[in-house]
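Shown here: coords17.csv, CSV, C-alpha atoms and all ligand atoms.
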chain,number,residue,atom,x,y,z
A,1,MET,CA,-16.0,40.3,-22.7
A,2,ASN,CA,-19.7,39.4,-22.6
A,3,LYS,CA,-21.4,37.9,-19.6
A,4,ILE,CA,-21.0,34.3,-20.8
A,5,GLU,CA,-17.3,34.8,-21.3
A,6,VAL,CA,-16.9,36.4,-17.9
A,7,ASP,CA,-18.8,33.5,-16.2
A,8,SER,CA,-16.7,31.0,-18.1
A,9,THR,CA,-13.5,32.7,-17.1
A,10,ARG,CA,-14.6,32.8,-13.5
A,11,SER,CA,-15.5,29.1,-13.6
A,12,VAL,CA,-12.1,28.2,-15.1
A,13,ASN,CA,-10.2,30.3,-12.5
A,14,ARG,CA,-12.3,28.7,-9.7
A,15,ASP,CA,-11.4,25.2,-11.0
A,16,ARG,CA,-7.7,26.2,-11.2
A,17,LEU,CA,-7.8,27.4,-7.6
A,18,LEU,CA,-9.5,24.2,-6.3
A,19,ARG,CA,-6.9,22.2,-8.2
A,20,LEU,CA,-4.0,24.1,-6.6
A,21,LEU,CA,-5.5,23.6,-3.2
A,22,ARG,CA,-5.7,19.9,-3.9
A,23,ILE,CA,-2.0,19.8,-4.9
A,24,HIS,CA,-0.5,22.1,-2.3
A,25,GLY,CA,-2.9,21.9,0.6
A,26,GLN,CA,-4.1,24.9,2.6
A,27,MET,CA,-2.7,28.3,1.4
A,28,ALA,CA,-3.0,32.0,2.1
A,29,ARG,CA,-5.0,34.0,-0.5
A,30,ILE,CA,-1.8,36.0,-1.4
A,31,ASP,CA,0.2,32.8,-2.0
A,32,LEU,CA,-2.6,31.3,-4.0
A,33,ALA,CA,-2.8,34.5,-6.2
A,34,ARG,CA,0.9,34.3,-6.8
A,35,LEU,CA,0.8,30.6,-7.8
A,36,VAL,CA,-2.3,30.9,-10.0
A,37,GLY,CA,-1.1,34.1,-11.6
A,38,LEU,CA,-4.2,36.2,-10.8
A,39,SER,CA,-4.6,39.4,-8.9
A,40,PRO,CA,-5.2,39.1,-5.1
A,41,ALA,CA,-8.5,40.8,-5.6
A,42,THR,CA,-9.7,38.2,-8.1
A,43,VAL,CA,-8.6,35.4,-5.8
A,44,SER,CA,-10.3,37.0,-2.8
A,45,ALA,CA,-13.5,37.3,-4.9
A,46,ILE,CA,-13.4,33.6,-5.9
A,47,ALA,CA,-12.5,32.5,-2.4
A,48,ALA,CA,-15.5,34.5,-1.1
A,49,GLU,CA,-17.8,32.5,-3.5
A,50,LEU,CA,-16.2,29.2,-2.5
A,51,LEU,CA,-16.6,30.0,1.2
A,52,GLN,CA,-20.2,30.9,0.6
A,53,ASN,CA,-20.8,27.6,-1.2
A,54,GLY,CA,-19.1,25.6,1.6
A,55,LEU,CA,-16.3,24.2,-0.7
A,56,VAL,CA,-13.5,25.9,1.3
A,57,ARG,CA,-13.1,27.1,4.8
A,58,GLU,CA,-10.7,29.5,6.6
A,59,VAL,CA,-8.2,28.1,8.9
A,60,GLU,CA,-5.5,29.7,11.0
A,61,GLY,CA,-2.1,29.1,9.6
A,62,ASP,CA,1.3,29.6,11.2
A,63,ASP,CA,2.3,33.0,12.5
A,64,GLU,CA,3.6,35.3,9.8
A,65,GLY,CA,6.8,35.7,11.9
A,66,GLU,CA,8.1,37.2,15.0
A,67,GLY,CA,6.5,40.4,16.3
A,68,ALA,CA,8.2,43.8,16.1
A,69,ALA,CA,9.7,43.3,19.5
A,70,GLY,CA,11.1,39.9,18.5
A,71,ASN,CA,8.7,38.0,20.7
A,72,ARG,CA,7.5,34.8,19.2
A,73,GLY,CA,3.7,34.6,18.7
A,74,ARG,CA,3.3,38.4,18.3
A,75,GLY,CA,2.9,38.2,14.6
A,76,ARG,CA,-0.5,38.2,13.0
A,77,PRO,CA,-1.7,34.7,12.3
A,78,LYS,CA,-2.1,34.0,8.6
A,79,VAL,CA,-5.6,33.2,7.4
A,80,MET,CA,-5.4,30.2,5.1
A,81,ILE,CA,-7.9,28.8,2.7
A,82,ASP,CA,-8.5,25.0,2.9
A,83,LEU,CA,-10.8,22.6,1.1
A,84,VAL,CA,-13.7,21.2,2.9
A,85,ALA,CA,-12.9,17.5,2.3
A,86,ASN,CA,-16.4,16.1,3.0
A,87,THR,CA,-18.3,18.5,0.9
A,88,ALA,CA,-18.5,15.8,-1.8
A,89,CYS,CA,-17.2,12.3,-2.3
A,90,ILE,CA,-16.1,10.0,-5.1
A,91,ILE,CA,-16.1,6.2,-5.2
A,92,ALA,CA,-12.8,4.8,-6.3
A,93,VAL,CA,-12.6,1.2,-7.6
A,94,LYS,CA,-9.6,-0.9,-8.5
A,95,LEU,CA,-9.8,-4.1,-10.5
A,96,SER,CA,-6.8,-6.4,-10.4
A,97,ILE,CA,-6.3,-10.2,-10.6
A,98,ASN,CA,-8.5,-11.9,-8.0
A,99,GLU,CA,-9.7,-8.8,-6.2
A,100,ILE,CA,-11.9,-5.7,-6.4
A,101,GLN,CA,-11.0,-2.9,-4.1
A,102,VAL,CA,-13.1,0.1,-3.2
A,103,ALA,CA,-12.2,3.3,-1.5
A,104,LEU,CA,-13.7,6.6,-0.6
A,105,GLY,CA,-12.3,9.7,-2.2
A,106,ASP,CA,-13.1,13.2,-0.9
A,107,PHE,CA,-13.2,16.7,-2.3
A,108,SER,CA,-9.6,17.4,-1.3
A,109,GLY,CA,-8.5,14.4,-3.4
A,110,GLY,CA,-7.8,12.3,-0.3
A,111,VAL,CA,-8.6,8.6,0.0
A,112,SER,CA,-9.8,6.5,2.9
A,113,GLU,CA,-11.8,3.5,3.9
A,114,THR,CA,-10.2,1.0,1.5
A,115,GLU,CA,-11.9,-2.4,1.3
A,116,THR,CA,-10.9,-5.5,-0.6
A,117,LEU,CA,-13.2,-8.1,-2.0
A,118,PRO,CA,-11.4,-11.3,-3.0
A,119,ILE,CA,-13.0,-12.7,-6.1
A,120,ASP,CA,-11.8,-15.2,-8.7
A,121,THR,CA,-11.9,-12.7,-11.5
A,122,ARG,CA,-10.7,-15.1,-14.1
A,123,SER,CA,-13.4,-17.7,-13.6
A,124,ILE,CA,-16.5,-15.5,-13.8
A,125,SER,CA,-18.1,-14.0,-16.9
A,126,ALA,CA,-17.6,-10.3,-17.8
A,127,ALA,CA,-21.3,-9.6,-17.1
A,128,GLU,CA,-21.0,-11.2,-13.7
A,129,LEU,CA,-17.9,-9.3,-12.9
A,130,VAL,CA,-19.5,-5.9,-13.8
A,131,ARG,CA,-22.6,-6.9,-11.7
A,132,VAL,CA,-20.4,-7.8,-8.7
A,133,MET,CA,-18.5,-4.6,-9.1
A,134,GLY,CA,-21.8,-2.6,-9.1
A,135,ASP,CA,-23.0,-4.5,-6.0
A,136,THR,CA,-19.7,-3.8,-4.2
A,137,ILE,CA,-19.9,-0.1,-5.0
A,138,ALA,CA,-23.6,0.1,-3.9
A,139,ASP,CA,-22.8,-1.7,-0.6
A,140,PHE,CA,-19.8,0.5,0.0
A,141,GLN,CA,-21.7,3.7,-0.7
A,142,THR,CA,-24.4,2.7,1.8
A,143,ARG,CA,-21.9,2.1,4.6
A,144,HIS,CA,-19.3,4.8,4.0
A,145,THR,CA,-20.7,8.0,2.4
A,146,ALA,CA,-22.8,9.3,5.4
A,147,GLY,CA,-21.5,12.6,6.5
A,148,HIS,CA,-20.3,13.4,3.0
A,149,GLY,CA,-21.9,15.7,0.4
A,150,PRO,CA,-23.1,14.4,-2.9
A,151,CYS,CA,-21.2,11.6,-4.7
A,152,LEU,CA,-19.7,13.3,-7.8
A,153,GLY,CA,-18.7,10.2,-9.7
A,154,ILE,CA,-17.0,6.8,-9.8
A,155,GLY,CA,-13.3,6.4,-10.8
A,156,VAL,CA,-12.2,2.9,-11.9
A,157,ALA,CA,-8.5,1.9,-12.2
A,158,VAL,CA,-7.9,-1.4,-14.0
A,159,GLN,CA,-5.0,-3.6,-14.7
A,160,GLY,CA,-4.8,-3.9,-18.4
A,161,LEU,CA,-5.4,-2.0,-21.7
A,162,VAL,CA,-8.2,0.5,-21.7
A,163,ARG,CA,-9.6,2.0,-24.9
A,164,GLY,CA,-11.8,5.1,-25.2
A,165,ALA,CA,-11.9,5.4,-21.3
A,166,GLU,CA,-14.7,2.8,-21.2
A,167,THR,CA,-13.6,-0.5,-22.7
A,168,LEU,CA,-11.2,-2.9,-21.0
A,169,VAL,CA,-9.7,-4.4,-24.2
A,170,TRP,CA,-7.4,-6.8,-22.4
A,171,SER,CA,-6.6,-7.5,-18.7
A,172,PRO,CA,-4.7,-10.2,-16.9
A,173,ALA,CA,-7.6,-10.1,-14.4
A,174,LEU,CA,-10.1,-11.3,-17.0
A,175,VAL,CA,-10.4,-14.1,-19.5
A,176,ALA,CA,-12.9,-12.0,-21.5
A,177,ARG,CA,-11.8,-9.4,-24.0
A,178,ASP,CA,-13.3,-6.0,-24.9
A,179,VAL,CA,-15.5,-5.6,-21.8
A,180,ASN,CA,-17.3,-2.3,-21.5
A,181,ILE,CA,-17.3,-1.6,-17.8
A,182,VAL,CA,-18.3,2.0,-17.8
A,183,ARG,CA,-21.7,1.9,-19.5
A,184,PRO,CA,-23.4,-0.5,-17.1
A,185,LEU,CA,-22.0,1.5,-14.1
A,186,VAL,CA,-23.3,4.8,-15.6
A,187,ALA,CA,-26.7,3.2,-16.2
A,188,ARG,CA,-26.9,1.8,-12.7
A,189,PHE,CA,-25.6,4.8,-10.6
A,190,GLN,CA,-26.5,7.7,-12.9
A,191,LEU,CA,-23.1,9.2,-12.2
A,192,PRO,CA,-20.1,10.0,-14.3
A,193,VAL,CA,-17.7,7.1,-14.5
A,194,VAL,CA,-14.0,7.5,-15.4
A,195,MET,CA,-11.9,4.4,-16.2
A,196,MET,CA,-8.2,4.3,-16.7
A,197,ASN,CA,-5.3,1.9,-16.7
A,198,ASP,CA,-3.9,1.6,-13.1
A,199,ALA,CA,-0.4,2.6,-14.0
A,200,ASN,CA,-1.7,5.8,-15.8
A,201,SER,CA,-3.8,6.5,-12.8
A,202,ILE,CA,-0.7,6.2,-10.5
A,203,ALA,CA,1.3,8.5,-12.9
A,204,SER,CA,-1.5,11.1,-12.8
A,205,ALA,CA,-1.6,10.9,-8.9
A,206,VAL,CA,2.2,11.3,-8.7
A,207,ARG,CA,2.2,14.2,-11.1
A,208,ASN,CA,-0.4,15.9,-8.9
A,209,ARG,CA,2.1,16.0,-6.0
A,210,ALA,CA,3.6,19.3,-5.4
A,211,ARG,CA,7.1,17.9,-5.8
A,212,TYR,CA,6.5,16.6,-9.3
A,213,GLN,CA,4.3,19.4,-10.7
A,214,SER,CA,7.1,20.9,-12.7
A,215,VAL,CA,8.4,17.6,-14.2
A,216,ASP,CA,6.9,17.7,-17.7
A,217,ASN,CA,8.4,14.4,-19.0
A,218,LEU,CA,7.9,11.8,-16.3
A,219,ALA,CA,7.9,8.0,-16.5
A,220,VAL,CA,6.4,6.2,-13.5
A,221,VAL,CA,7.4,2.6,-13.5
A,222,MET,CA,5.3,0.4,-11.3
A,223,LEU,CA,6.6,-2.8,-9.9
A,224,GLY,CA,4.3,-5.4,-8.2
A,225,ALA,CA,1.9,-8.0,-9.4
A,226,GLY,CA,2.9,-6.9,-12.9
A,227,VAL,CA,5.2,-4.2,-14.3
A,228,GLY,CA,3.4,-1.2,-15.5
A,229,MET,CA,4.2,2.3,-16.5
A,230,GLY,CA,2.4,5.6,-16.7
A,231,LEU,CA,4.0,8.2,-19.0
A,232,VAL,CA,3.6,11.9,-18.9
A,233,LEU,CA,5.0,13.7,-21.9
A,234,GLY,CA,5.0,17.5,-22.3
A,235,GLY,CA,2.9,17.7,-19.1
A,236,HIS,CA,0.2,15.3,-20.4
A,237,LEU,CA,-0.5,11.6,-19.8
A,238,TYR,CA,0.5,9.8,-23.0
A,239,ASP,CA,-1.2,6.5,-23.9
A,240,GLY,CA,-0.8,6.5,-27.7
A,241,SER,CA,-3.3,6.2,-30.4
A,242,THR,CA,-4.8,3.0,-29.1
A,243,GLY,CA,-4.4,3.4,-25.3
A,244,ALA,CA,-1.7,0.7,-25.4
A,245,ALA,CA,1.3,2.9,-25.1
A,246,ALA,CA,3.7,2.7,-22.2
A,247,GLU,CA,3.3,-1.1,-21.8
A,248,PHE,CA,6.8,-1.1,-20.4
A,249,GLY,CA,6.4,-4.4,-18.7
A,250,HIS,CA,5.7,-6.1,-22.0
A,251,THR,CA,8.7,-4.7,-23.9
A,252,LYS,CA,11.1,-7.6,-24.5
A,253,PHE,CA,14.3,-8.4,-22.8
A,254,GLN,CA,15.1,-11.7,-24.4
A,255,ILE,CA,13.9,-13.9,-27.3
A,256,ASP,CA,12.4,-17.2,-25.9
A,257,GLY,CA,12.8,-15.9,-22.3
A,258,PRO,CA,10.4,-16.9,-19.4
A,259,LEU,CA,6.7,-17.0,-20.0
A,260,CYS,CA,4.9,-13.7,-19.2
A,261,MET,CA,1.4,-13.3,-18.0
A,262,CYS,CA,0.5,-11.8,-21.4
A,263,GLY,CA,1.2,-15.1,-23.0
A,264,LYS,CA,4.4,-14.0,-24.7
A,265,ARG,CA,8.0,-14.8,-23.7
A,266,GLY,CA,10.9,-12.7,-22.4
A,267,CYS,CA,9.0,-9.5,-21.4
A,268,VAL,CA,10.6,-7.3,-18.7
A,269,GLU,CA,7.7,-8.2,-16.5
A,270,SER,CA,8.5,-11.9,-16.7
A,271,TYR,CA,11.8,-11.2,-14.8
A,272,VAL,CA,10.9,-8.3,-12.5
A,273,SER,CA,7.2,-8.7,-11.4
A,274,ASP,CA,6.3,-10.4,-8.1
A,275,TYR,CA,5.3,-13.6,-9.8
A,276,ALA,CA,8.6,-13.7,-11.7
A,277,LEU,CA,10.7,-13.1,-8.6
A,278,HIS,CA,8.6,-15.6,-6.6
A,279,ARG,CA,8.9,-18.2,-9.4
A,280,ASP,CA,12.7,-17.9,-9.3
A,281,ALA,CA,12.8,-17.9,-5.5
A,282,ARG,CA,10.6,-21.1,-5.4
A,283,THR,CA,13.2,-22.9,-7.5
A,284,MET,CA,16.1,-21.4,-5.5
A,285,PHE,CA,14.7,-22.1,-2.0
A,286,GLY,CA,12.2,-24.9,-2.7
A,287,LEU,CA,9.3,-22.7,-1.6
A,288,PRO,CA,5.8,-24.1,-1.8
A,289,ALA,CA,3.7,-22.9,-4.8
A,290,VAL,CA,0.8,-21.2,-3.2
A,291,ASN,CA,-0.6,-18.7,-5.7
A,292,VAL,CA,1.9,-18.7,-8.5
A,293,GLN,CA,0.2,-15.8,-10.5
A,294,HIS,CA,-0.3,-13.5,-7.5
A,295,PRO,CA,2.1,-14.2,-4.6
A,296,SER,CA,1.0,-12.4,-1.4
A,297,GLU,CA,2.8,-9.4,0.1
A,298,GLU,CA,4.0,-11.7,3.0
A,299,GLU,CA,5.5,-14.1,0.5
A,300,MET,CA,7.3,-11.3,-1.3
A,301,ARG,CA,8.5,-9.7,2.0
A,302,ALA,CA,9.9,-13.1,3.0
A,303,ILE,CA,12.2,-13.1,0.0
A,304,CYS,CA,13.2,-9.5,0.6
A,305,ASP,CA,13.9,-10.4,4.3
A,306,LEU,CA,16.3,-13.1,3.1
A,307,ALA,CA,18.2,-10.5,1.0
A,308,ASP,CA,18.1,-8.1,3.9
A,309,GLY,CA,19.7,-10.8,6.1
A,310,GLY,CA,22.6,-11.1,3.7
A,311,ASP,CA,21.5,-14.3,1.8
A,312,GLU,CA,23.7,-14.2,-1.3
A,313,ARG,CA,21.3,-16.2,-3.4
A,314,ALA,CA,18.4,-13.9,-2.6
A,315,ARG,CA,20.6,-10.9,-3.3
A,316,THR,CA,21.7,-12.3,-6.7
A,317,LEU,CA,18.0,-12.9,-7.5
A,318,PHE,CA,17.2,-9.2,-7.0
A,319,GLU,CA,20.4,-8.1,-8.7
A,320,GLN,CA,19.6,-10.1,-11.9
A,321,ALA,CA,16.0,-8.8,-11.9
A,322,GLY,CA,17.4,-5.3,-11.4
A,323,ARG,CA,19.7,-5.7,-14.4
A,324,VAL,CA,16.7,-6.6,-16.6
A,325,LEU,CA,14.9,-3.5,-15.2
A,326,GLY,CA,18.0,-1.4,-16.0
A,327,TYR,CA,18.0,-2.6,-19.6
A,328,GLY,CA,14.2,-1.8,-19.9
A,329,ILE,CA,14.7,1.7,-18.4
A,330,GLY,CA,17.7,2.1,-20.8
A,331,ASN,CA,15.4,1.4,-23.8
A,332,LEU,CA,12.8,3.8,-22.3
A,333,ILE,CA,15.4,6.6,-22.0
A,334,ALA,CA,16.7,5.9,-25.6
A,335,LEU,CA,13.1,6.3,-26.9
A,336,VAL,CA,11.6,9.2,-24.9
A,337,SER,CA,14.4,10.7,-22.8
A,338,PRO,CA,12.2,11.6,-19.8
A,339,ASP,CA,13.4,14.1,-17.2
A,340,LEU,CA,12.6,11.7,-14.4
A,341,VAL,CA,12.0,7.9,-14.1
A,342,LEU,CA,10.3,7.2,-10.8
A,343,VAL,CA,10.2,3.5,-9.7
A,344,THR,CA,7.3,2.8,-7.4
A,345,GLY,CA,4.6,0.2,-6.7
A,346,PRO,CA,4.5,-2.5,-4.0
A,347,GLY,CA,7.7,-4.1,-5.6
A,348,VAL,CA,9.7,-1.1,-4.5
A,349,ARG,CA,9.9,-2.9,-1.2
A,350,ALA,CA,13.1,-4.5,-2.7
A,351,TYR,CA,14.4,-1.4,-4.5
A,352,ARG,CA,17.5,-1.3,-2.3
A,353,HIS,CA,18.4,-4.8,-3.6
A,354,LEU,CA,17.3,-4.1,-7.2
A,355,GLU,CA,19.1,-0.8,-7.6
A,356,GLY,CA,22.7,-2.0,-7.9
A,357,GLY,CA,21.7,-4.4,-10.7
A,358,MET,CA,19.5,-1.7,-12.3
A,359,ARG,CA,22.3,0.8,-12.5
A,360,GLN,CA,24.6,-1.9,-13.9
A,361,GLY,CA,22.0,-2.9,-16.5
A,362,LEU,CA,21.6,0.8,-17.5
A,363,GLY,CA,25.3,1.2,-17.9
A,364,ASP,CA,25.6,-1.9,-20.0
A,365,ALA,CA,22.7,-1.0,-22.2
A,366,MET,CA,23.2,2.7,-22.8
A,367,VAL,CA,25.9,5.2,-23.9
A,368,GLU,CA,26.7,7.1,-20.7
A,369,THR,CA,26.1,10.6,-22.2
A,370,LEU,CA,22.6,9.6,-23.0
A,371,LEU,CA,21.9,8.8,-19.4
A,372,THR,CA,23.0,12.0,-17.9
A,373,HIS,CA,19.8,14.0,-18.5
A,374,THR,CA,17.4,11.5,-16.9
A,375,HIS,CA,17.2,11.2,-13.2
A,376,ILE,CA,16.1,7.9,-11.7
A,377,GLU,CA,14.7,7.5,-8.2
A,378,SER,CA,12.3,5.5,-6.2
A,379,LEU,CA,9.1,6.6,-4.6
A,380,PRO,CA,8.0,4.7,-1.4
A,381,TRP,CA,4.7,2.9,-1.9
A,382,GLU,CA,3.0,4.4,1.2
A,383,GLU,CA,-0.5,4.0,-0.3
A,384,ASP,CA,-2.1,2.8,-3.5
A,385,PHE,CA,-1.8,5.9,-5.6
A,386,ALA,CA,-4.1,4.3,-8.2
A,387,PHE,CA,-7.1,5.4,-6.0
A,388,ARG,CA,-5.8,8.9,-5.7
A,389,GLY,CA,-5.3,9.0,-9.5
A,390,VAL,CA,-8.8,8.1,-10.4
A,391,VAL,CA,-10.3,10.4,-7.7
A,392,GLY,CA,-8.3,13.3,-9.1
A,393,GLN,CA,-9.5,12.5,-12.7
A,394,VAL,CA,-13.1,12.5,-11.5
A,395,LEU,CA,-12.6,15.8,-9.7
A,396,ASP,CA,-10.9,17.3,-12.7
A,397,ARG,CA,-13.7,16.4,-15.0
A,398,VAL,CA,-16.8,16.9,-12.9
A,399,PRO,CA,-18.1,20.4,-11.9
A,400,ALA,CA,-17.8,21.1,-8.2
A,401,PRO,CA,-21.1,20.9,-6.3
A,501,ZN,ZN,4.3,-9.8,-21.4

Once more with this new file: its structure as structure tokens, please.
Ligand SMILES: [Zn+2]
Amino acid sequence: MNKIEVDSTRSVNRDRLLRLLRIHGQMARIDLARLVGLSPATVSAIAAELLQNGLVREVEGDDEGEGAAGNRGRGRPKVMIDLVANTACIIAVKLSINEIQVALGDFSGGVSETETLPIDTRSISAAELVRVMGDTIADFQTRHTAGHGPCLGIGVAVQGLVRGAETLVWSPALVARDVNIVRPLVARFQLPVVMMNDANSIASAVRNRARYQSVDNLAVVMLGAGVGMGLVLGGHLYDGSTGAAAEFGHTKFQIDGPLCMCGKRGCVESYVSDYALHRDARTMFGLPAVNVQHPSEEEMRAICDLADGGDERARTLFEQAGRVLGYGIGNLIALVSPDLVLVTGPGVRAYRHLEGGMRQGLGDAMVETLLTHTHIESLPWEEDFAFRGVVGQVLDRVPAP
């Protein structure tokens, strides 16, 4: 190997090590070496360089075990390597119907300081929206990045169809079509900008959890304001030739079914999304129509509370929506046979009420033997993984400081 090849191999190994620390958290050098498949000496040499550059630090881990005499605490403490989270930062942005959210990503891939700017996204021009987005980022950067190292880039998660990682072809959040969001942000901030569909971003964040690292064929179905999906096939995010693959929410359940936000009828989303559930609940319970396209979390929780309290009509509402979801997942399994379908998103709040109908729908839609290889489970929506996903994408693409 010549010097360039040696340097390049070292830099690849260094990035792999940083990535593993992001996925698994602090680790002893020896465990890191085992996981990455390098010799302990190589890992120690890379760790020394990372320590010197301030990208990692040494922390004391748990005792290696009981001492020779069997007394607890006599074992030698393990020295662990951990990422220095504030050594750099990333600005994460999320664009959805009627809001722009901004959050601070750190070098360990963590996310904090989320802020929401309510804005009528469908009534302003695309140029105005990009300007507001830029102003929001600049303002957030001024207030939240002190105490952090350099900003490595901006990650943008958007509701809708993204082409070429920079053009928002179609989004329910915007009236305009084919909006280039990335170029104006790059010009303004002089930073790398990564943009992706929010469901893909969530799938990428989920796959980067230690628990799902070995699941090569994974479908992450996101329930909430819409119904989205991120698809990992053969270990890689799959979005098809146009970026429009995995539009699970807009696969059809019924000809001439209810109107979907996409303008067509009978999509899975038009039965299972928050706006669909709230539409049916309004009819059922005579609820007021507040924001029919984007009911609030409180409004959705109220319907869920009714089902929790044993209200049969509310339970039937979720069961029927669950059945449509089950048919949709059945079609998905028939097409790509994933190892795991994870149902998540804010809409998972009602998973316990959806699940029965979903399993029934699956059973109705699919031959049983075809279902046995795919596991289906829910993932609690503890935080908006879309931020974590775009932060991870920026960290994967931009060299460490
Ligand atoms: Zn649709």

Can you write out as JSON lines which residues of chain A fall within 8 Å of ligand ZN 501 (chain A), alongside each residue's closest atom pair and its distance in Å to one decimal, counting all atoms listed in the file and ordering rows by chain and ascending residue number?
{"residue": "A:Gly249", "atom": "CA", "partner": "A:ZN501", "partner_atom": "ZN", "distance": 6.4}
{"residue": "A:His250", "atom": "CA", "partner": "A:ZN501", "partner_atom": "ZN", "distance": 4.0}
{"residue": "A:Thr251", "atom": "CA", "partner": "A:ZN501", "partner_atom": "ZN", "distance": 7.2}
{"residue": "A:Lys252", "atom": "CA", "partner": "A:ZN501", "partner_atom": "ZN", "distance": 7.8}
{"residue": "A:Leu259", "atom": "CA", "partner": "A:ZN501", "partner_atom": "ZN", "distance": 7.7}
{"residue": "A:Cys260", "atom": "CA", "partner": "A:ZN501", "partner_atom": "ZN", "distance": 4.5}
{"residue": "A:Met261", "atom": "CA", "partner": "A:ZN501", "partner_atom": "ZN", "distance": 5.7}
{"residue": "A:Cys262", "atom": "CA", "partner": "A:ZN501", "partner_atom": "ZN", "distance": 4.3}
{"residue": "A:Gly263", "atom": "CA", "partner": "A:ZN501", "partner_atom": "ZN", "distance": 6.3}
{"residue": "A:Lys264", "atom": "CA", "partner": "A:ZN501", "partner_atom": "ZN", "distance": 5.3}
{"residue": "A:Arg265", "atom": "CA", "partner": "A:ZN501", "partner_atom": "ZN", "distance": 6.6}
{"residue": "A:Gly266", "atom": "CA", "partner": "A:ZN501", "partner_atom": "ZN", "distance": 7.3}
{"residue": "A:Cys267", "atom": "CA", "partner": "A:ZN501", "partner_atom": "ZN", "distance": 4.7}
{"residue": "A:Val268", "atom": "CA", "partner": "A:ZN501", "partner_atom": "ZN", "distance": 7.3}
{"residue": "A:Glu269", "atom": "CA", "partner": "A:ZN501", "partner_atom": "ZN", "distance": 6.2}
{"residue": "A:Ser270", "atom": "CA", "partner": "A:ZN501", "partner_atom": "ZN", "distance": 6.6}

request  = Please check which residues have atoms at most 9 Å from (2.4, -3.1, -13.7) in the file's coordinates, counting only C-alpha atoms, and write them as a ChimeraX atom specification.
outcome  = /A:159-160,198-199,221-229,247-249,269,273,345

I'd like a table as JSON lines: residues in region 76-138 of chain A with an atom no more than 8 Å from region 388-395 of chain A, each row giving the shortest atom pair and its distance in Å to one decimal, all atoms listed in the file counted, sorted by chain and rising residue number.
{"residue": "A:Ile90", "atom": "CA", "partner": "A:Val391", "partner_atom": "CA", "distance": 6.4}
{"residue": "A:Ile91", "atom": "CA", "partner": "A:Val391", "partner_atom": "CA", "distance": 7.6}
{"residue": "A:Ala92", "atom": "CA", "partner": "A:Val391", "partner_atom": "CA", "distance": 6.3}
{"residue": "A:Gly105", "atom": "CA", "partner": "A:Val391", "partner_atom": "CA", "distance": 5.9}
{"residue": "A:Asp106", "atom": "CA", "partner": "A:Val391", "partner_atom": "CA", "distance": 7.9}
{"residue": "A:Phe107", "atom": "CA", "partner": "A:Leu395", "partner_atom": "CA", "distance": 7.5}
{"residue": "A:Gly109", "atom": "CA", "partner": "A:Gly392", "partner_atom": "CA", "distance": 5.8}
{"residue": "A:Gly110", "atom": "CA", "partner": "A:Arg388", "partner_atom": "CA", "distance": 6.7}
{"residue": "A:Val111", "atom": "CA", "partner": "A:Arg388", "partner_atom": "CA", "distance": 6.4}

ask   = Which residues, written as a PyMOL selection string, have at least one atom at most 8 Å from region 44-46 of chain A, with all atoms listed in the file counted and residues fewer than 2 positions away on the same chain left out?
value = chain A and resi 10+14+29+40-42+48-50

Taking C-alpha atoms for each residue, export the selection above as a PDB file, keeping the file's coordinate frame.
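Full text of part.pdb as output:
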ATOM      1  CA  ARG A  10     -14.600  32.800 -13.500  1.00  0.00           C
ATOM      2  CA  ARG A  14     -12.300  28.700  -9.700  1.00  0.00           C
ATOM      3  CA  ARG A  29      -5.000  34.000  -0.500  1.00  0.00           C
ATOM      4  CA  PRO A  40      -5.200  39.100  -5.100  1.00  0.00           C
ATOM      5  CA  ALA A  41      -8.500  40.800  -5.600  1.00  0.00           C
ATOM      6  CA  THR A  42      -9.700  38.200  -8.100  1.00  0.00           C
ATOM      7  CA  ALA A  48     -15.500  34.500  -1.100  1.00  0.00           C
ATOM      8  CA  GLU A  49     -17.800  32.500  -3.500  1.00  0.00           C
ATOM      9  CA  LEU A  50     -16.200  29.200  -2.500  1.00  0.00           C
TER      10      LEU A  50
END

task = Using all atoms listed in the file, determine which residues lie at most 10 Å from Asn217 (chain A), disregarding the query and same-chain residues fewer than 6 positions distant; provide the list as a PyMOL selection string.
result = chain A and resi 231-238+336-341+374

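Closest approach to Gln190 (chain A) among A:Leu161, A:Ile30, A:Ala281, A:Ile154: A:Ile154, based on only C-alpha atoms.
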
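Atom pair CA of Gly330 (chain A) / CA of Gly363 (chain A): separated by 8.2 Å.
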
Since the input lacks some atoms of region 233-238 of chain A, please model N, CA and C atoms and print them as a JSON list (two decimals), keeping the file's coordinate frame.
[["chain", "number", "residue", "atom", "x", "y", "z"],
["A", 233, "LEU", "N", 4.15, 13.03, -20.95],
["A", 233, "LEU", "CA", 5.00, 13.70, -21.90],
["A", 233, "LEU", "C", 4.51, 15.10, -22.18],
["A", 234, "GLY", "N", 5.38, 16.07, -22.10],
["A", 234, "GLY", "CA", 5.00, 17.50, -22.30],
["A", 234, "GLY", "C", 3.86, 17.87, -21.34],
["A", 235, "GLY", "N", 3.87, 17.29, -20.16],
["A", 235, "GLY", "CA", 2.90, 17.70, -19.10],
["A", 235, "GLY", "C", 1.57, 16.93, -19.22],
["A", 236, "HIS", "N", 1.43, 16.04, -20.22],
["A", 236, "HIS", "CA", 0.20, 15.30, -20.40],
["A", 236, "HIS", "C", 0.38, 13.80, -20.35],
["A", 237, "LEU", "N", -0.60, 13.09, -19.79],
["A", 237, "LEU", "CA", -0.50, 11.60, -19.80],
["A", 237, "LEU", "C", -0.53, 11.18, -21.27],
["A", 238, "TYR", "N", 0.37, 10.26, -21.59],
["A", 238, "TYR", "CA", 0.50, 9.80, -23.00],
["A", 238, "TYR", "C", 0.11, 8.32, -23.03]]
